[in-house]
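Undergrad: Next up, protein_27.cif (mmCIF, C-alpha atoms and all ligand atoms).
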```cif
data_upload
#
loop_
_atom_site.label_atom_id
_atom_site.label_comp_id
_atom_site.auth_asym_id
_atom_site.auth_seq_id
_atom_site.Cartn_x
_atom_site.Cartn_y
_atom_site.Cartn_z
CA MET R 1 -22.45 -11.86 8.57
CA ILE R 2 -19.86 -9.20 9.26
CA LEU R 3 -16.13 -9.86 9.47
CA SER R 4 -14.68 -9.93 12.97
CA ASP R 5 -11.41 -8.20 13.89
CA LYS R 6 -9.56 -11.52 13.50
CA ARG R 7 -11.09 -12.13 10.06
CA ILE R 8 -10.28 -8.57 8.92
CA LEU R 9 -6.64 -9.16 9.91
CA GLU R 10 -6.59 -12.50 8.07
CA GLU R 11 -7.99 -10.92 4.92
CA ILE R 12 -5.44 -8.10 5.12
CA GLU R 13 -2.75 -10.80 5.28
CA LYS R 14 -4.20 -12.42 2.16
CA GLY R 15 -4.43 -9.09 0.33
CA ASN R 16 -8.21 -9.24 -0.01
CA ILE R 17 -8.52 -6.14 2.15
CA VAL R 18 -6.11 -3.21 1.90
CA ILE R 19 -6.23 -0.28 4.33
CA GLU R 20 -3.47 2.33 4.06
CA PRO R 21 -2.33 3.53 6.48
CA PHE R 22 -3.30 0.70 8.80
CA HIS R 23 -2.99 0.97 12.57
CA ARG R 24 -3.87 -1.98 14.74
CA GLU R 25 -5.43 0.28 17.39
CA TYR R 26 -8.09 1.48 14.95
CA LEU R 27 -9.40 -2.03 14.50
CA GLY R 28 -12.65 -2.49 16.40
CA SER R 29 -14.28 -5.82 17.29
CA ASN R 30 -15.81 -6.01 13.80
CA SER R 31 -14.89 -2.74 12.09
CA TYR R 32 -12.01 -0.45 11.23
CA ASP R 33 -12.06 3.28 12.09
CA VAL R 34 -11.39 5.72 9.27
CA HIS R 35 -10.26 9.31 9.69
CA LEU R 36 -11.07 12.66 8.15
CA GLY R 37 -8.63 13.73 5.44
CA LYS R 38 -7.52 17.37 5.32
CA TYR R 39 -9.53 18.37 2.25
CA LEU R 40 -13.19 19.25 2.18
CA ALA R 41 -15.17 20.55 -0.77
CA VAL R 42 -18.43 22.42 -1.25
CA TYR R 43 -20.47 22.92 -4.39
CA ARG R 44 -19.89 26.28 -6.04
CA ASP R 45 -23.58 26.77 -6.80
CA HIS R 46 -26.34 26.59 -4.24
CA GLU R 47 -28.74 25.03 -6.73
CA LEU R 48 -27.44 21.74 -8.09
CA ASP R 49 -28.52 20.06 -11.31
CA ALA R 50 -28.42 16.26 -11.43
CA LYS R 51 -27.86 16.32 -15.21
CA LYS R 52 -24.89 18.69 -15.03
CA HIS R 53 -21.35 18.46 -13.76
CA ASN R 54 -21.68 20.56 -10.61
CA GLN R 55 -18.33 22.12 -9.78
CA ILE R 56 -16.78 22.15 -6.32
CA GLU R 57 -14.47 24.41 -4.38
CA GLU R 58 -11.78 23.00 -2.14
CA ILE R 59 -11.32 23.81 1.54
CA GLU R 60 -8.16 22.81 3.37
CA ILE R 61 -8.83 22.15 7.04
CA PRO R 62 -6.36 24.27 9.03
CA GLU R 63 -4.53 23.11 12.15
CA GLU R 64 -7.13 24.78 14.38
CA GLY R 65 -9.96 22.91 12.67
CA TYR R 66 -12.85 24.10 10.53
CA VAL R 67 -16.39 24.85 11.66
CA LEU R 68 -19.04 23.06 9.60
CA GLN R 69 -22.37 24.83 9.30
CA PRO R 70 -25.86 23.32 9.00
CA GLY R 71 -27.55 23.64 5.62
CA ILE R 72 -24.37 23.02 3.65
CA LEU R 73 -23.31 19.75 2.08
CA TYR R 74 -19.59 19.23 2.59
CA LEU R 75 -17.73 16.56 0.72
CA GLY R 76 -14.97 15.05 2.78
CA VAL R 77 -12.53 12.24 2.22
CA THR R 78 -11.03 9.51 4.33
CA GLN R 79 -7.32 9.58 5.05
CA GLU R 80 -7.38 5.86 4.37
CA TYR R 81 -7.00 4.40 0.92
CA THR R 82 -8.76 1.07 0.81
CA GLU R 83 -9.12 -1.88 -1.49
CA THR R 84 -11.69 -4.59 -0.96
CA HIS R 85 -11.45 -7.53 -3.28
CA ALA R 86 -13.63 -10.28 -1.90
CA PHE R 87 -16.08 -8.56 0.45
CA VAL R 88 -18.65 -5.81 0.36
CA PRO R 89 -17.33 -2.84 2.33
CA PHE R 90 -19.77 -0.50 4.05
CA LEU R 91 -18.95 2.92 5.39
CA GLU R 92 -20.79 3.62 8.62
CA GLY R 93 -20.84 6.53 11.01
CA LYS R 94 -19.41 6.31 14.49
CA SER R 95 -21.50 6.77 17.57
CA SER R 96 -19.17 9.56 18.74
CA THR R 97 -19.53 11.52 15.48
CA GLY R 98 -23.27 10.85 15.45
CA ARG R 99 -23.52 12.26 18.97
CA LEU R 100 -21.98 15.49 17.67
CA GLY R 101 -24.75 15.63 15.06
CA ILE R 102 -22.39 14.83 12.19
CA HIS R 103 -23.78 12.74 9.33
CA ILE R 104 -21.02 11.31 7.18
CA HIS R 105 -22.94 10.03 4.22
CA ALA R 106 -26.12 10.93 2.43
CA THR R 107 -27.76 7.51 2.08
CA ALA R 108 -24.76 6.04 0.26
CA GLY R 109 -22.85 3.83 2.64
CA LYS R 110 -22.36 0.76 0.52
CA GLY R 111 -19.15 0.10 -1.34
CA ASP R 112 -18.54 -2.41 -4.10
CA VAL R 113 -16.39 -5.47 -4.35
CA GLY R 114 -13.30 -4.20 -6.16
CA PHE R 115 -13.58 -0.59 -4.95
CA CYS R 116 -10.04 0.76 -4.65
CA ASN R 117 -9.85 4.32 -3.40
CA THR R 118 -10.26 6.73 -0.55
CA TRP R 119 -13.93 7.20 0.42
CA THR R 120 -15.76 10.40 -0.31
CA LEU R 121 -17.93 11.48 2.62
CA GLU R 122 -21.14 13.47 2.19
CA ILE R 123 -21.06 15.44 5.41
CA SER R 124 -23.86 17.45 6.97
CA VAL R 125 -24.28 18.70 10.52
CA VAL R 126 -27.19 19.43 12.83
CA GLN R 127 -25.51 22.40 14.53
CA PRO R 128 -22.17 24.17 13.97
CA VAL R 129 -19.31 21.85 14.83
CA ARG R 130 -15.55 22.22 14.52
CA VAL R 131 -13.87 19.30 12.84
CA TYR R 132 -10.21 18.43 12.50
CA ALA R 133 -8.14 16.62 9.93
CA GLY R 134 -7.21 13.22 11.31
CA MET R 135 -10.21 12.89 13.64
CA PRO R 136 -12.04 9.55 13.62
CA ILE R 137 -14.99 10.07 11.30
CA GLY R 138 -16.45 6.68 10.44
CA GLN R 139 -15.86 2.98 10.30
CA LEU R 140 -15.68 0.34 7.64
CA ILE R 141 -17.43 -2.96 8.03
CA TYR R 142 -17.12 -5.92 5.71
CA PHE R 143 -19.78 -8.34 4.55
CA PRO R 144 -19.04 -11.63 2.77
CA VAL R 145 -20.60 -11.68 -0.67
CA ASP R 146 -22.73 -14.59 -1.81
CA GLY R 147 -21.81 -15.88 -5.26
CA GLU R 148 -19.27 -14.96 -7.87
CA VAL R 149 -18.93 -11.29 -8.79
CA ILE R 150 -18.81 -11.01 -12.59
CA ASN R 151 -18.10 -7.31 -12.67
CA THR R 152 -15.92 -6.12 -9.80
CA TYR R 153 -15.82 -2.34 -9.44
CA ASN R 154 -12.16 -2.07 -10.47
CA ARG R 155 -12.96 -3.90 -13.72
CA LYS R 156 -16.04 -1.88 -14.61
CA PRO R 157 -15.13 0.47 -17.45
CA ASP R 158 -17.82 2.93 -16.37
CA ALA R 159 -16.96 2.94 -12.64
CA LYS R 160 -17.09 6.61 -11.65
CA TYR R 161 -15.17 6.70 -8.42
CA ASN R 162 -12.23 4.35 -8.79
CA GLN R 163 -9.56 6.82 -9.86
CA ARG R 164 -7.17 7.13 -6.97
CA THR R 165 -7.45 10.46 -5.16
CA TYR R 166 -6.77 11.97 -1.76
CA LYS R 167 -9.41 14.66 -2.24
CA PRO R 168 -13.21 14.44 -2.19
CA VAL R 169 -14.85 13.71 -5.50
CA GLU R 170 -18.05 15.46 -6.56
CA SER R 171 -21.10 13.68 -7.95
CA MET R 172 -20.57 12.17 -11.37
CA MET R 173 -24.28 11.59 -11.84
CA TRP R 174 -23.98 13.62 -15.06
CA LYS R 175 -22.25 10.59 -16.61
CA ASN R 176 -25.43 8.54 -16.25
CA LYS R 177 -27.68 8.39 -19.27
CA PHE R 178 -31.23 9.40 -18.29
N1 LIG A 201 -20.17 7.47 0.80
C1 LIG A 201 -19.55 6.76 -0.12
C2 LIG A 201 -20.16 5.60 -0.65
C3 LIG A 201 -19.48 4.89 -1.64
N2 LIG A 201 -18.27 5.31 -2.05
C4 LIG A 201 -17.54 4.58 -3.08
C5 LIG A 201 -17.56 3.09 -2.86
C6 LIG A 201 -18.38 2.54 -3.96
O1 LIG A 201 -17.85 1.31 -4.41
C7 LIG A 201 -18.29 3.62 -5.03
C8 LIG A 201 -19.48 3.69 -5.92
O2 LIG A 201 -20.63 3.78 -5.14
P1 LIG A 201 -22.06 3.56 -5.76
O3 LIG A 201 -22.06 2.31 -6.58
O4 LIG A 201 -23.07 3.73 -4.70
O5 LIG A 201 -22.11 4.86 -6.72
P2 LIG A 201 -22.76 5.08 -8.13
O6 LIG A 201 -23.72 3.96 -8.44
O7 LIG A 201 -23.28 6.45 -8.17
O8 LIG A 201 -21.48 5.01 -9.07
P3 LIG A 201 -21.06 3.89 -10.15
O9 LIG A 201 -21.95 4.14 -11.34
O10 LIG A 201 -19.61 4.13 -10.41
O11 LIG A 201 -21.34 2.54 -9.50
O12 LIG A 201 -18.15 4.84 -4.31
C9 LIG A 201 -17.67 6.45 -1.51
O13 LIG A 201 -16.55 6.83 -1.86
N3 LIG A 201 -18.34 7.15 -0.56
#
```
Represent the supplied structure as structure tokens.
Ligand SMILES: Nc1ccn([C@H]2C[C@H](O)[C@@H](COP(=O)(O)OP(=O)(O)OP(=O)(O)O)O2)c(=O)n1
TA:
Amino acid sequence: MILSDKRILEEIEKGNIVIEPFHREYLGSNSYDVHLGKYLAVYRDHELDAKKHNQIEEIEIPEEGYVLQPGILYLGVTQEYTETHAFVPFLEGKSSTGRLGIHIHATAGKGDVGFCNTWTLEISVVQPVRVYAGMPIGQLIYFPVDGEVINTYNRKPDAKYNQRTYKPVESMMWKNKF
């Protein structure tokens, strides 16, 4: 089951879903459109190491937009800060971004109950494409969760991506023990 527009509005009223800023016109039948924030980031090194803290360099998208190139992983961020307390949020692409050959996440679309932050996007493109801060980039959908959640993301001491930010956050895989 996925929350309908009416149910999303009800849950916003109750405080179980927070979307900031929220604009009624971005609410779809069963989704909410999120927008590209003005900061992108790329990894400094071409070769990444899953055990190391790979450093990133920031790119600020200018007024005239920024051309993304194939073969590069860009980290982006949503303009929207969200909190989801009683549902499982999923970040999905939009058909219109997909039709431009823009992927907005690299297999990781699921959020956690208790996730409170902007969303980092893992952006890659099929061909060069100019993108703009503030353009619609994806959509959030909400699934009811079955059963009690013992460890919500905002209460997990080792949650890696819950520190509030308006910039993309690089992989914190290096914090995993393996
Ligand atoms: N494209 C995505 C996907 C998810 N998230 C956010 C929402 C999730 O609640 C949070 C953590 O996602 P995962 O649980 O998939 O990430 P990890 O398992 O790597 O991190 P952790 O160990 O913190 O759970 O990141 C995000 O910002 N951008």
Undergrad: Rank nothing, just name the residue among R:Pro136, R:Pro144, R:Gly111, R:Pro168 nearest to ligand LIG 201 (chain A), using all atoms listed in the file.
TA: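 Closest to ligand LIG 201 (chain A), using all atoms listed in the file: R:Gly111.
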Undergrad: Between chain R and ligand LIG 201 (chain A), at 10 Å or less, what are the per-residue closest atom pairs and their distances in Å? Count all atoms listed in the file, order by chain and rising residue number, and return it as a tab-separated table.
TA:
```
residue	atom	partner	partner_atom	distance
R:Leu75	CA	A:LIG201	N1	9.4
R:Gly76	CA	A:LIG201	N3	9.2
R:Val77	CA	A:LIG201	O13	7.9
R:Thr78	CA	A:LIG201	O13	8.7
R:Thr82	CA	A:LIG201	C5	9.7
R:Glu83	CA	A:LIG201	O1	9.7
R:Thr84	CA	A:LIG201	O1	9.2
R:Val88	CA	A:LIG201	O1	8.6
R:Pro89	CA	A:LIG201	C5	7.9
R:Phe90	CA	A:LIG201	C2	7.7
R:Leu91	CA	A:LIG201	N1	6.6
R:Glu92	CA	A:LIG201	N1	8.7
R:Ile104	CA	A:LIG201	N1	7.5
R:His105	CA	A:LIG201	N1	5.1
R:Ala106	CA	A:LIG201	N1	7.1
R:Thr107	CA	A:LIG201	N1	7.7
R:Ala108	CA	A:LIG201	C2	4.7
R:Gly109	CA	A:LIG201	C2	4.6
R:Lys110	CA	A:LIG201	C2	5.4
R:Gly111	CA	A:LIG201	O1	3.5
R:Asp112	CA	A:LIG201	O1	3.8
R:Val113	CA	A:LIG201	O1	6.9
R:Gly114	CA	A:LIG201	O1	7.4
R:Phe115	CA	A:LIG201	O1	4.7
R:Cys116	CA	A:LIG201	O1	7.8
R:Asn117	CA	A:LIG201	O13	7.3
R:Thr118	CA	A:LIG201	O13	6.4
R:Trp119	CA	A:LIG201	O13	3.5
R:Thr120	CA	A:LIG201	O13	4.0
R:Leu121	CA	A:LIG201	N1	4.9
R:Glu122	CA	A:LIG201	N1	6.2
R:Ile123	CA	A:LIG201	N1	9.3
R:Thr152	CA	A:LIG201	O1	9.4
R:Tyr153	CA	A:LIG201	O1	6.5
R:Asn154	CA	A:LIG201	O1	9.0
R:Lys156	CA	A:LIG201	O10	8.2
R:Pro157	CA	A:LIG201	O10	9.1
R:Asp158	CA	A:LIG201	O10	6.3
R:Ala159	CA	A:LIG201	O10	3.7
R:Lys160	CA	A:LIG201	O10	3.7
R:Tyr161	CA	A:LIG201	O12	5.4
R:Asn162	CA	A:LIG201	C7	7.2
R:Pro168	CA	A:LIG201	O13	8.3
R:Val169	CA	A:LIG201	O13	8.0
R:Glu170	CA	A:LIG201	O13	9.9
R:Ser171	CA	A:LIG201	O7	7.6
R:Met172	CA	A:LIG201	O7	7.1
R:Met173	CA	A:LIG201	O7	6.4
R:Trp174	CA	A:LIG201	O7	10.0
R:Lys175	CA	A:LIG201	O9	8.3
R:Asn176	CA	A:LIG201	O9	7.5
```
Undergrad: Hey, which of R:Tyr166, R:Phe178, R:Tyr142, R:Tyr43 ends up closest to Asn30 in chain R? Count only C-alpha atoms.
TA: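 Looking at the shortest contact to Asn30 in chain R, the residue is R:Tyr142.
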Undergrad: Within 8 Å of Tyr132 in chain R, counting only C-alpha atoms, which residues show up once you throw out same-chain ones fewer than 5 positions away? Write them as a list in words, please.
TA: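 The residues that qualify are Leu36, Lys38, Ile61, Pro62, Glu63, Glu64, Gly65 and Tyr66 of chain R.
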Undergrad: Would you mind reading off the distance between CA of Tyr26 in chain R and CA of Thr97 in chain R, one decimal, in Å?
TA: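 For CA of Tyr26 in chain R relative to CA of Thr97 in chain R, the distance reads 15.2 Å.
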Undergrad: Taking only C-alpha atoms into account, which of R:Glu60, R:Glu20, R:Glu47, R:Glu80 comes nearest Val131 in chain R?
TA: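 Closest to Val131 in chain R of all the choices is R:Glu60.
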Undergrad: What does the distance from CA of Gln139 in chain R to CA of Phe22 in chain R come to in Å, to one decimal?
TA: 12.9 Å
Undergrad: Tell me which protein, DNA and RNA residues are within 10 Å of Ser96 in chain R, counting only C-alpha atoms, leaving out same-chain ones fewer than 5 positions away, and put them as a list of chain:residue names.
TA: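 Everything that qualifies: R:Gly101, R:Ile102, R:Pro136, R:Ile137, R:Gly138.
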Undergrad: Check the smallest atom-to-atom distance from each of R:Lys14, R:Lys167, R:Arg7, R:Lys94 to Gly37 in chain R using all atoms listed in the file, then report the winner.
TA: R:Lys167
Undergrad: What's the 12 Å shell around Arg24 in chain R, counting only C-alpha atoms, without same-chain residues fewer than 5 positions away, as a list in words?
TA: Asp5, Lys6, Ile8, Leu9, Ile12, Ile19, Ser29, Ser31, Tyr32 and Asp33 of chain R
Undergrad: Which of these, R:Met1, R:Leu27, R:Ile56, R:Leu68, has the shortest distance to Val126 in chain R once you count only C-alpha atoms?
TA: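 Smallest distance to Val126 in chain R is found for R:Leu68.
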Undergrad: Do you have the CA of Ile2 in chain R-CA of Val18 in chain R distance handy?
TA: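 Answer for the CA of Ile2 in chain R to CA of Val18 in chain R separation: 16.7 Å.
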Undergrad: Counting only C-alpha atoms, which residue out of R:Asn16, R:Glu10, R:His23, R:Tyr74 sits closest to Ala41 in chain R?
TA: R:Tyr74
